[in-house]
$ cat start.cif   # mmCIF, C-alpha atoms
data_protein
loop_
_atom_site.label_atom_id
_atom_site.label_comp_id
_atom_site.auth_asym_id
_atom_site.auth_seq_id
_atom_site.Cartn_x
_atom_site.Cartn_y
_atom_site.Cartn_z
CA MET M 1 -5.22 -62.45 33.91
CA LYS M 2 -7.45 -59.70 35.17
CA LEU M 3 -4.72 -58.32 37.31
CA ARG M 4 -2.33 -58.13 34.36
CA LEU M 5 -4.91 -56.21 32.39
CA LEU M 6 -5.28 -53.66 35.12
CA LEU M 7 -1.56 -53.17 35.37
CA LEU M 8 -1.34 -52.57 31.66
CA LEU M 9 -3.98 -49.89 31.92
CA ALA M 10 -2.13 -48.22 34.73
CA GLY M 11 1.02 -48.28 32.63
CA ALA M 12 -0.75 -46.55 29.77
CA ALA M 13 -1.91 -43.81 32.10
CA ALA M 14 1.65 -43.30 33.29
CA LEU M 15 2.70 -42.51 29.74
CA LEU M 16 0.30 -39.61 29.36
CA PRO M 17 2.23 -36.96 31.26
CA SER M 18 5.19 -37.24 28.91
CA ALA M 19 2.86 -36.85 25.91
CA ALA M 20 1.36 -33.76 27.51
CA SER M 21 4.72 -32.13 27.95
CA ALA M 22 5.45 -32.70 24.25
CA GLN M 23 2.30 -30.75 23.30
CA LEU M 24 3.28 -27.91 25.57
CA VAL M 25 6.28 -26.97 23.48
CA ALA M 26 4.43 -26.84 20.18
CA PRO M 27 2.51 -23.57 19.85
CA VAL M 28 -0.21 -23.34 17.23
CA THR M 29 -0.27 -20.56 14.64
CA ARG M 30 -2.63 -19.15 12.06
CA THR M 31 -1.33 -16.99 9.23
CA VAL M 32 -3.60 -14.59 7.37
CA PRO M 33 -2.22 -12.97 4.20
CA VAL M 34 -2.86 -9.26 3.68
CA ILE M 35 -3.18 -8.24 0.04
CA ALA M 36 -3.86 -5.04 -1.90
CA SER M 37 -3.00 -3.35 -5.17
CA ALA M 38 -1.77 0.00 -6.41
CA PRO M 39 -3.06 0.64 -9.93
CA ALA M 40 -1.21 2.76 -12.46
CA VAL M 41 -1.90 6.42 -11.71
CA CYS M 42 -0.89 9.64 -13.46
CA SER M 43 -2.15 12.96 -12.21
CA ILE M 44 -1.50 16.64 -12.98
CA GLN M 45 -2.82 19.43 -10.81
CA GLU M 46 -3.74 22.96 -11.85
CA PRO M 47 -0.91 25.26 -13.01
CA GLU M 48 0.73 27.75 -10.70
CA LEU M 49 2.88 30.66 -11.70
CA GLN M 50 6.25 30.45 -10.03
CA ALA M 51 7.75 33.47 -8.39
CA GLY M 52 10.77 34.86 -10.17
CA GLY M 53 11.65 34.73 -13.83
CA GLN M 54 8.40 36.31 -14.87
CA ILE M 55 8.85 39.01 -17.48
CA ASN M 56 6.09 40.73 -19.41
CA PHE M 57 3.38 38.30 -18.32
CA ARG M 58 0.32 39.42 -16.36
CA GLY M 59 -0.18 36.12 -14.70
CA LEU M 60 -2.44 33.13 -14.79
CA ASN M 61 -6.15 33.56 -15.22
CA GLY M 62 -7.44 30.05 -14.76
CA ASN M 63 -5.47 28.11 -17.31
CA THR M 64 -4.75 31.16 -19.47
CA LEU M 65 -1.39 32.83 -19.35
CA GLN M 66 -1.75 36.41 -20.51
CA ILE M 67 1.15 38.28 -22.10
CA ASP M 68 1.22 41.86 -20.92
CA HIS M 69 2.61 43.58 -24.04
CA LEU M 70 3.20 41.41 -27.06
CA VAL M 71 4.67 44.31 -29.03
CA ASP M 72 7.56 46.53 -28.15
CA PRO M 73 6.09 50.01 -28.66
CA ALA M 74 9.40 51.37 -29.86
CA THR M 75 10.03 48.83 -32.63
CA LEU M 76 6.59 47.30 -33.16
CA GLY M 77 8.41 43.97 -33.13
CA ALA M 78 7.68 41.24 -30.55
CA ALA M 79 8.59 42.12 -27.00
CA GLY M 80 10.54 39.64 -24.94
CA ALA M 81 8.55 37.69 -22.36
CA SER M 82 9.09 34.73 -20.10
CA ALA M 83 7.28 32.88 -17.34
CA ASN M 84 7.78 29.81 -15.21
CA ILE M 85 4.78 27.65 -14.50
CA LYS M 86 4.65 24.57 -12.33
CA PHE M 87 2.22 21.69 -12.10
CA ASP M 88 2.18 19.29 -9.18
CA ALA M 89 2.12 15.87 -10.76
CA VAL M 90 2.70 12.18 -10.21
CA CYS M 91 3.01 9.06 -12.31
CA ASN M 92 3.63 5.88 -10.34
CA TYR M 93 4.87 3.79 -13.25
CA PRO M 94 7.26 4.20 -16.22
CA HIS M 95 5.54 6.62 -18.58
CA ARG M 96 5.90 9.37 -21.16
CA ILE M 97 5.43 13.11 -20.92
CA ARG M 98 4.26 14.87 -24.05
CA VAL M 99 4.17 18.63 -24.65
CA GLU M 100 2.04 19.73 -27.53
CA ALA M 101 1.65 23.21 -29.03
CA GLN M 102 -1.53 23.30 -31.03
CA ASN M 103 -0.40 26.12 -33.40
CA ASN M 104 3.39 25.77 -33.33
CA GLY M 105 3.64 29.42 -32.25
CA LEU M 106 1.52 32.39 -31.31
CA TRP M 107 -0.74 32.91 -34.29
CA GLN M 108 -3.46 35.42 -34.90
CA THR M 109 -6.66 34.10 -33.43
CA SER M 110 -8.75 36.83 -35.04
CA GLU M 111 -9.74 36.73 -38.67
CA ARG M 112 -6.89 37.72 -40.93
CA SER M 113 -6.35 38.38 -44.58
CA PRO M 114 -5.20 35.38 -46.63
CA THR M 115 -2.09 37.20 -47.83
CA PRO M 116 -0.37 39.18 -45.08
CA PRO M 117 1.41 42.29 -46.22
CA GLU M 118 5.07 41.83 -46.93
CA GLY M 119 7.50 42.74 -44.20
CA PHE M 120 5.04 42.17 -41.37
CA ALA M 121 5.10 39.26 -39.00
CA TYR M 122 1.83 37.44 -38.37
CA ALA M 123 3.01 34.76 -35.94
CA VAL M 124 5.42 34.74 -33.00
CA PRO M 125 7.69 31.81 -32.18
CA TYR M 126 8.38 30.79 -28.63
CA SER M 127 10.04 27.97 -26.75
CA ALA M 128 8.72 25.73 -24.00
CA THR M 129 11.32 24.11 -21.75
CA ILE M 130 10.15 21.33 -19.50
CA ASP M 131 11.71 19.69 -16.45
CA TRP M 132 10.13 16.57 -15.02
CA GLY M 133 12.02 14.56 -12.47
CA LEU M 134 15.35 13.64 -14.01
CA GLU M 135 14.18 14.38 -17.54
CA HIS M 136 14.44 17.62 -19.49
CA GLY M 137 13.14 18.63 -22.87
CA ARG M 138 12.48 21.59 -25.07
CA LEU M 139 9.81 22.28 -27.62
CA ASP M 140 10.54 25.01 -30.15
CA ALA M 141 7.33 26.35 -31.56
CA ASP M 142 8.99 28.09 -34.49
CA ALA M 143 5.81 29.47 -36.07
CA LYS M 144 7.05 28.54 -39.54
CA VAL M 145 3.93 26.54 -40.28
CA ARG M 146 0.67 26.55 -38.41
CA ARG M 147 0.42 22.97 -37.26
CA ILE M 148 0.66 20.86 -34.14
CA ALA M 149 4.17 20.71 -32.74
CA GLU M 150 5.05 18.26 -30.01
CA ARG M 151 7.90 16.93 -27.96
CA SER M 152 7.72 13.57 -26.24
CA ILE M 153 10.03 12.35 -23.49
CA THR M 154 10.21 8.78 -22.22
CA VAL M 155 10.45 8.50 -18.44
CA ASN M 156 11.55 5.05 -17.38
CA ARG M 157 10.66 5.36 -13.73
CA PRO M 158 7.83 6.48 -11.50
CA THR M 159 8.12 10.20 -10.92
CA SER M 160 6.48 12.62 -8.56
CA GLY M 161 6.94 16.29 -7.84
CA GLU M 162 6.58 19.30 -10.11
CA ILE M 163 6.50 19.65 -13.84
CA ASN M 164 8.34 22.92 -14.43
CA LEU M 165 7.49 24.66 -17.67
CA ARG M 166 9.37 27.73 -18.85
CA LEU M 167 7.85 29.70 -21.68
CA GLU M 168 10.08 32.16 -23.46
CA ILE M 169 9.51 34.65 -26.26
CA GLU M 170 12.66 36.29 -27.51
CA ALA M 171 12.58 40.00 -28.23
CA GLY M 172 12.08 40.56 -31.94
CA ALA M 173 10.91 36.99 -32.58
CA SER M 174 9.01 36.66 -35.80
CA ASN M 175 7.86 34.09 -38.34
CA VAL M 176 9.31 36.10 -41.20
CA GLN M 177 12.46 37.95 -40.21
CA ALA M 178 13.85 39.09 -36.91
CA ASN M 179 12.34 42.25 -35.49
CA ALA M 180 9.66 42.40 -38.17
CA PRO M 181 6.68 44.50 -37.00
CA LEU M 182 3.68 42.48 -35.89
CA LEU M 183 0.34 42.77 -37.57
CA ALA M 184 -2.36 43.98 -35.24
CA GLY M 185 -4.62 41.31 -33.77
CA PHE M 186 -5.07 38.75 -31.04
CA TYR M 187 -2.41 36.08 -30.87
CA GLY M 188 -2.51 32.83 -29.04
CA ASP M 189 -1.57 29.19 -28.82
CA THR M 190 -2.66 26.27 -26.71
CA LEU M 191 -0.17 24.07 -24.89
CA ARG M 192 -1.05 20.60 -23.70
CA ILE M 193 1.00 18.58 -21.27
CA THR M 194 0.16 14.91 -21.12
CA LEU M 195 1.41 12.12 -18.87
CA GLU M 196 0.61 8.82 -20.53
CA PRO M 197 1.67 5.18 -20.81
CA GLN M 198 4.68 4.53 -22.99
CA MET Z 1 -12.98 -40.40 30.76
CA LYS Z 2 -15.98 -41.38 32.78
CA ILE Z 3 -16.68 -44.42 30.61
CA ALA Z 4 -13.15 -45.72 31.13
CA HIS Z 5 -13.54 -45.34 34.86
CA LEU Z 6 -16.75 -47.37 34.93
CA GLY Z 7 -15.15 -50.18 32.97
CA LEU Z 8 -12.30 -50.45 35.38
CA ALA Z 9 -14.65 -50.54 38.33
CA ALA Z 10 -16.47 -53.53 36.82
CA LEU Z 11 -13.21 -55.41 36.35
CA ILE Z 12 -12.20 -54.79 39.94
CA ALA Z 13 -15.57 -56.07 41.18
CA ALA Z 14 -15.21 -59.23 39.14
CA GLY Z 15 -11.73 -59.78 40.59
CA SER Z 16 -13.04 -59.46 44.10
CA GLY Z 17 -15.75 -61.98 43.41
CA ALA Z 18 -13.23 -64.56 42.19
CA ALA Z 19 -11.04 -64.04 45.25
CA SER Z 20 -13.92 -64.51 47.65
CA ALA Z 21 -14.69 -67.87 46.11
CA GLN Z 22 -11.16 -69.07 47.04
CA SER Z 23 -10.60 -67.41 50.43
CA THR Z 24 -12.41 -65.19 52.84
CA THR Z 25 -9.38 -63.02 53.68
CA ALA Z 26 -7.42 -62.45 50.49
CA THR Z 27 -7.78 -59.05 48.83
CA SER Z 28 -6.06 -57.37 45.96
CA GLY Z 29 -5.70 -53.69 45.42
CA PRO Z 30 -6.50 -50.92 45.78
CA PHE Z 31 -5.50 -50.21 42.24
CA PRO Z 32 -5.05 -46.47 41.57
CA VAL Z 33 -6.82 -45.19 38.54
CA THR Z 34 -5.27 -42.02 37.17
CA GLY Z 35 -6.12 -39.70 34.35
CA ASN Z 36 -4.49 -36.67 32.80
CA VAL Z 37 -5.57 -33.65 30.89
CA PRO Z 38 -2.62 -32.53 28.79
CA ILE Z 39 -1.71 -28.89 28.52
CA LEU Z 40 -2.55 -28.03 24.96
CA CYS Z 41 -3.90 -25.27 22.77
CA THR Z 42 -5.65 -25.16 19.46
CA ALA Z 43 -5.97 -22.06 17.31
CA GLY Z 44 -9.34 -23.00 15.91
CA THR Z 45 -10.43 -22.30 12.37
CA LEU Z 46 -10.91 -19.17 10.33
CA SER Z 47 -14.53 -18.96 9.35
CA GLU Z 48 -14.36 -15.74 7.34
CA ASP Z 49 -14.36 -16.07 3.52
CA ASN Z 50 -11.02 -17.22 2.12
CA GLY Z 51 -8.92 -16.25 5.10
CA VAL Z 52 -7.33 -13.25 3.41
CA PHE Z 53 -7.34 -9.61 4.44
CA ALA Z 54 -8.26 -7.99 1.12
CA VAL Z 55 -7.51 -4.29 1.47
CA GLY Z 56 -8.24 -3.38 -2.17
CA VAL Z 57 -6.86 -0.35 -3.99
CA LEU Z 58 -4.21 1.34 -1.89
CA VAL Z 59 -3.90 4.73 -3.56
CA ASP Z 60 -5.99 7.81 -4.12
CA LEU Z 61 -6.30 7.87 -7.90
CA SER Z 62 -6.08 11.67 -8.07
CA THR Z 63 -2.94 12.07 -5.98
CA GLY Z 64 -1.17 8.71 -5.96
CA LEU Z 65 -0.92 8.95 -2.17
CA LEU Z 66 -2.03 6.20 0.19
CA ARG Z 67 -5.77 6.33 0.78
CA THR Z 68 -6.79 7.40 4.24
CA ASP Z 69 -9.91 5.22 4.36
CA LEU Z 70 -8.32 1.81 3.94
CA SER Z 71 -9.88 -1.05 5.85
CA ALA Z 72 -10.56 -4.77 5.75
CA PRO Z 73 -13.18 -6.84 7.60
CA PRO Z 74 -11.81 -8.60 10.70
CA LYS Z 75 -11.26 -12.35 10.81
CA VAL Z 76 -12.46 -14.59 13.61
CA LEU Z 77 -10.68 -17.70 14.84
CA HIS Z 78 -13.52 -19.92 16.01
CA GLY Z 79 -13.24 -22.87 18.38
CA THR Z 80 -10.02 -21.76 19.96
CA PHE Z 81 -9.11 -23.16 23.34
CA CYS Z 82 -6.24 -23.66 25.74
CA THR Z 83 -6.47 -26.05 28.66
CA SER Z 84 -4.14 -24.06 30.83
CA ARG Z 85 -2.27 -20.78 31.15
CA SER Z 86 -1.40 -19.47 27.71
CA THR Z 87 0.19 -16.68 25.74
CA ILE Z 88 -1.10 -15.15 22.54
CA THR Z 89 1.36 -13.53 20.18
CA VAL Z 90 0.55 -11.46 17.12
CA ALA Z 91 3.15 -10.61 14.51
CA ALA Z 92 2.84 -9.10 11.06
CA SER Z 93 4.87 -8.26 8.01
CA PRO Z 94 4.14 -5.09 6.03
CA MET Z 95 2.50 -5.11 2.62
CA VAL Z 96 5.25 -4.93 0.04
CA ALA Z 97 5.01 -4.61 -3.75
CA GLN Z 98 5.64 -8.05 -5.20
CA ALA Z 99 6.54 -7.16 -8.78
CA PHE Z 100 8.42 -3.91 -8.15
CA THR Z 101 11.52 -5.36 -6.54
CA THR Z 102 14.05 -2.56 -6.99
CA THR Z 103 14.54 0.47 -4.78
CA PRO Z 104 11.71 2.94 -5.39
CA PRO Z 105 12.66 6.28 -6.98
CA ALA Z 106 12.72 9.45 -4.91
CA GLY Z 107 9.23 10.34 -3.76
CA PHE Z 108 7.93 6.78 -3.87
CA SER Z 109 7.48 3.86 -1.52
CA LYS Z 110 6.72 0.18 -2.06
CA THR Z 111 5.80 -0.58 1.56
CA VAL Z 112 2.61 -0.13 3.52
CA ASN Z 113 2.73 -0.57 7.28
CA PHE Z 114 -0.28 -1.42 9.40
CA THR Z 115 -1.32 -2.46 12.88
CA ALA Z 116 -2.59 -5.98 13.55
CA THR Z 117 -4.69 -6.71 16.63
CA ALA Z 118 -5.76 -10.03 18.16
CA ALA Z 119 -8.57 -9.44 20.65
CA GLY Z 120 -10.89 -11.59 22.75
CA TRP Z 121 -8.38 -13.90 24.35
CA THR Z 122 -6.71 -11.68 26.90
CA PRO Z 123 -7.99 -8.61 28.74
CA SER Z 124 -5.68 -6.46 26.66
CA PRO Z 125 -5.45 -7.35 22.98
CA ALA Z 126 -2.16 -8.36 21.43
CA VAL Z 127 -1.06 -5.57 19.10
CA PHE Z 128 1.71 -5.48 16.51
CA THR Z 129 2.60 -2.56 14.23
CA THR Z 130 4.82 -3.29 11.26
CA GLY Z 131 7.72 -0.92 10.86
CA ALA Z 132 7.63 0.05 14.54
CA ALA Z 133 10.89 -0.02 16.46
CA THR Z 134 9.31 -2.05 19.25
CA ASN Z 135 6.05 -3.85 19.83
CA PRO Z 136 5.76 -4.24 23.58
CA ASN Z 137 2.12 -5.39 23.44
CA ALA Z 138 2.61 -8.10 20.85
CA VAL Z 139 2.57 -10.86 23.50
CA GLN Z 140 -0.23 -11.16 26.04
CA THR Z 141 -0.68 -13.82 28.72
CA ARG Z 142 -3.83 -15.41 30.08
CA ASN Z 143 -3.47 -17.13 33.44
CA THR Z 144 -6.39 -19.54 33.07
CA GLY Z 145 -7.62 -21.97 30.54
CA PHE Z 146 -10.09 -20.52 28.11
CA THR Z 147 -12.20 -21.23 25.12
CA GLY Z 148 -13.58 -18.58 22.86
CA ASP Z 149 -13.12 -16.65 19.64
CA ILE Z 150 -10.14 -14.54 18.71
CA THR Z 151 -10.89 -11.56 16.51
CA VAL Z 152 -7.99 -10.58 14.31
CA SER Z 153 -8.16 -7.14 12.70
CA ILE Z 154 -5.89 -4.75 10.82
CA GLY Z 155 -5.91 -0.98 10.53
CA SER Z 156 -3.89 2.25 10.85
CA PHE Z 157 -2.27 1.94 7.45
CA THR Z 158 0.73 4.17 6.78
CA THR Z 159 3.17 4.63 3.95
CA GLY Z 160 6.58 3.17 4.64
CA GLY Z 161 9.07 6.02 4.57
CA GLY Z 162 6.56 8.77 5.32
CA PRO Z 163 3.14 10.07 4.35
CA THR Z 164 4.43 12.32 1.54
CA LEU Z 165 5.60 9.36 -0.52
CA ARG Z 166 3.50 7.85 -3.30
CA MET Z 167 3.01 4.14 -3.83
CA VAL Z 168 4.63 2.59 -6.87
CA GLU Z 169 2.28 0.86 -9.21
CA ASP Z 170 2.01 -2.86 -8.55
CA PRO Z 171 -0.85 -5.32 -9.03
CA LEU Z 172 -0.04 -7.10 -5.77
CA TYR Z 173 1.08 -5.77 -2.45
CA GLN Z 174 1.31 -8.55 0.10
CA GLY Z 175 1.96 -8.90 3.82
CA ALA Z 176 0.79 -11.26 6.55
CA VAL Z 177 -0.57 -11.47 10.05
CA VAL Z 178 0.52 -14.41 12.21
CA VAL Z 179 -1.31 -15.30 15.43
CA THR Z 180 0.41 -17.80 17.74
CA LEU Z 181 -1.21 -19.43 20.71
CA ALA Z 182 1.06 -21.25 23.11
CA ALA Z 183 0.48 -23.07 26.36
CA ALA Z 184 2.52 -21.52 29.11
CA SER Z 185 4.10 -23.62 31.84
#
$ encode --input "start.cif" --output "structure tokens"
Amino acid sequence: MKLRLLLLLAGAAALLPSAASAQLVAPVTRTVPVIASAPAVCSIQEPELQAGGQINFRGLNGNTLQIDHLVDPATLGAAGASANIKFDAVCNYPHRIRVEAQNNGLWQTSERSPTPPEGFAYAVPYSATIDWGLEHGRLDADAKVRRIAERSITVNRPTSGEINLRLEIEAGASNVQANAPLLAGFYGDTLRITLEPQ
Amino acid sequence: MKIAHLGLAALIAAGSGAASAQSTTATSGPFPVTGNVPILCTAGTLSEDNGVFAVGVLVDLSTGLLRTDLSAPPKVLHGTFCTSRSTITVAASPMVAQAFTTTPPAGFSKTVNFTATAAGWTPSPAVFTTGAATNPNAVQTRNTGFTGDITVSIGSFTTGGGPTLRMVEDPLYQGAVVVTLAAAS
């Protein structure tokens, strides 16, 4: 009886090597997930004047774009002017770009008489053409009424690169009739470009 | 193992005593007593928080580009051991946007590569970089049994496709690091 017990124990020991070889072929692993997030971001950098295509503009002074000569000295009507400005920008989600002209044209910023004399222009229309990624748009600030004018473009994809803005004043542009002489004064408008959620 | 050995010895002694009562010359045995330590490995347990590398916000909010200061605390595999020669292998998959499943537009990426390192087990750590053409140091071998901690860390984050690309918006970018410990014959 005792002998049989001992033999059984020896038999159990003989089984162990085969169990060991089974463990050898089963490597152990640990998996650690790596997680992060990228929040919605829109960003526009400071404007830069692009080389080429600049006519009758002095250049950028900070965020102010100064027209060299608003009036053609020969006709006293508006002189033609154009400039290309770029903004490095990014929006990493579907969004909307909005261009807003605060005055809908170049209007006198200085004090003016309530009833301008007939035959004189007292505001200058201009156009703002915008290229952003695959989208294009144009805002005509026609200077008919002093109000906010805006153009909004839906962009259904993340976009990065440059917002290209072309400002153009046609020669003789006027809020009354073409080539009308401009009243003396300071003229200006404020453009806003906004990248925002749809 | 020692307790089992003592038990067997007592049984053998009792057997000898019974035999001597019957005859002065009869013997039985010797009976070999063998033991075995199987070749096995265990990868231990992760003791750090919830076992996730939480990298946080990936992008610079003013530029949309991948942040250059990304990091995550390392994880430690405690109680790891191998009873014999072993190999440690580290592999990883890049962080990929989970909701943004289409091809990113021009100028954007939805992949963040990184380097995963498993150190403490072998003289040279096992290193794996996602997106790399080859990872020759991903497998390291240790010639002796060992017990100790394995420190798993990640770093060197790069934008898939190039550093000029921006990351698309997504609430969850996810990848993984896999550490494998295998007994070697």
$ interface_residues --input "start.cif" --of "chain Z" --to "chain M" --cutoff "8 Å" --atoms "all atoms listed in the file" --output "compact mmCIF listing (two decimals) with C-alpha atoms, in the frame of the given file"
# COMPACT_ATOMS: atom_id res chain seq x y z
CA LEU Z 8 -12.30 -50.45 35.38
CA LEU Z 11 -13.21 -55.41 36.35
CA GLY Z 15 -11.73 -59.78 40.59
CA PHE Z 31 -5.50 -50.21 42.24
CA PRO Z 32 -5.05 -46.47 41.57
CA VAL Z 33 -6.82 -45.19 38.54
CA THR Z 34 -5.27 -42.02 37.17
CA GLY Z 35 -6.12 -39.70 34.35
CA ASN Z 36 -4.49 -36.67 32.80
CA VAL Z 37 -5.57 -33.65 30.89
CA PRO Z 38 -2.62 -32.53 28.79
CA ILE Z 39 -1.71 -28.89 28.52
CA LEU Z 40 -2.55 -28.03 24.96
CA CYS Z 41 -3.90 -25.27 22.77
CA THR Z 42 -5.65 -25.16 19.46
CA ALA Z 43 -5.97 -22.06 17.31
CA GLY Z 51 -8.92 -16.25 5.10
CA VAL Z 52 -7.33 -13.25 3.41
CA PHE Z 53 -7.34 -9.61 4.44
CA ALA Z 54 -8.26 -7.99 1.12
CA VAL Z 55 -7.51 -4.29 1.47
CA GLY Z 56 -8.24 -3.38 -2.17
CA VAL Z 57 -6.86 -0.35 -3.99
CA LEU Z 58 -4.21 1.34 -1.89
CA VAL Z 59 -3.90 4.73 -3.56
CA LEU Z 61 -6.30 7.87 -7.90
CA SER Z 62 -6.08 11.67 -8.07
CA THR Z 63 -2.94 12.07 -5.98
CA GLY Z 64 -1.17 8.71 -5.96
CA MET Z 95 2.50 -5.11 2.62
CA PRO Z 105 12.66 6.28 -6.98
CA ALA Z 106 12.72 9.45 -4.91
CA GLY Z 107 9.23 10.34 -3.76
CA PHE Z 108 7.93 6.78 -3.87
CA ARG Z 166 3.50 7.85 -3.30
CA MET Z 167 3.01 4.14 -3.83
CA VAL Z 168 4.63 2.59 -6.87
CA GLU Z 169 2.28 0.86 -9.21
CA ASP Z 170 2.01 -2.86 -8.55
CA PRO Z 171 -0.85 -5.32 -9.03
CA LEU Z 172 -0.04 -7.10 -5.77
CA TYR Z 173 1.08 -5.77 -2.45
CA GLN Z 174 1.31 -8.55 0.10
CA GLY Z 175 1.96 -8.90 3.82
CA ALA Z 176 0.79 -11.26 6.55
CA VAL Z 177 -0.57 -11.47 10.05
CA VAL Z 178 0.52 -14.41 12.21
CA VAL Z 179 -1.31 -15.30 15.43
CA THR Z 180 0.41 -17.80 17.74
CA LEU Z 181 -1.21 -19.43 20.71
CA ALA Z 182 1.06 -21.25 23.11
CA ALA Z 183 0.48 -23.07 26.36
CA ALA Z 184 2.52 -21.52 29.11
CA SER Z 185 4.10 -23.62 31.84
$ atom_distance --input "start.cif" --atom1 "CA of Ser110 (chain M)" --atom2 "CA of Ala180 (chain M)"
19.5 Å
$ atom_distance --input "start.cif" --atom1 "CA of Val99 (chain M)" --atom2 "CA of Asn179 (chain M)"
27.2 Å
$ atom_distance --input "start.cif" --atom1 "CA of Arg67 (chain Z)" --atom2 "CA of Leu134 (chain M)"
26.8 Å
$ resolve_selection --input "start.cif" --expression "the PyMOL selection byres ((chain Z and resi 70-84) around 6)" --output "list in words"
Ile39, Leu40, Cys41, Thr42, Ala43, Gly44, Thr45, Leu46, Glu48, Phe53, Val55, Thr68, Asp69, Arg85, Thr144, Gly145, Phe146, Thr147, Gly148, Asp149, Ile150, Thr151, Val152 and Ser153 of chain Z
$ resolve_selection --input "start.cif" --expression "the PyMOL selection byres ((chain M and resi 100) around 7)" --output "ChimeraX atom specification"
/M:98-99,101-102,148-151,191-193
$ resolve_selection --input "start.cif" --expression "the PyMOL selection byres ((chain M and resi 195) around 6)" --output "MDAnalysis selection string"
chainID M and resid 96:97 194 196
$ residues_around --input "start.cif" --residues "Leu182 (chain M)" --least-positions-apart "4" --cutoff "9 Å" --atoms "all atoms listed in the file" --output "list in words"
Leu70, Val71, Leu76, Gly77, Ala78, Phe120, Ala121, Tyr122, Ala123, Val124 and Ser174 of chain M
$ closest_residue --input "start.cif" --among "M:Asn63, M:Asn84, M:Gln198, M:Thr109" --to "Leu165 (chain M)" --atoms "all atoms listed in the file"
M:Asn84
$ residues_around --input "start.cif" --residues "Pro125 (chain M)" --least-positions-apart "2" --cutoff "8 Å" --atoms "only C-alpha atoms" --output "ChimeraX atom specification"
/M:104-106,123,127,140-143,169,173-175
$ residues_around --input "start.cif" --residues "region 125-131 of chain Z" --least-positions-apart "5" --cutoff "9 Å" --atoms "only C-alpha atoms" --output "PyMOL selection string"
chain Z and resi 88-94+112-120+136-140+156+160
$ residues_around --input "start.cif" --residues "Gly52 (chain M)" --least-positions-apart "2" --cutoff "12 Å" --atoms "all atoms listed in the file" --output "PyMOL selection string"
chain M and resi 49-50+54-57+59+82-85+166
$ closest_residue --input "start.cif" --among "Z:Gln98, Z:Ser28, Z:Thr141, Z:Ser124" --to "Lys110 (chain Z)" --atoms "all atoms listed in the file"
Z:Gln98
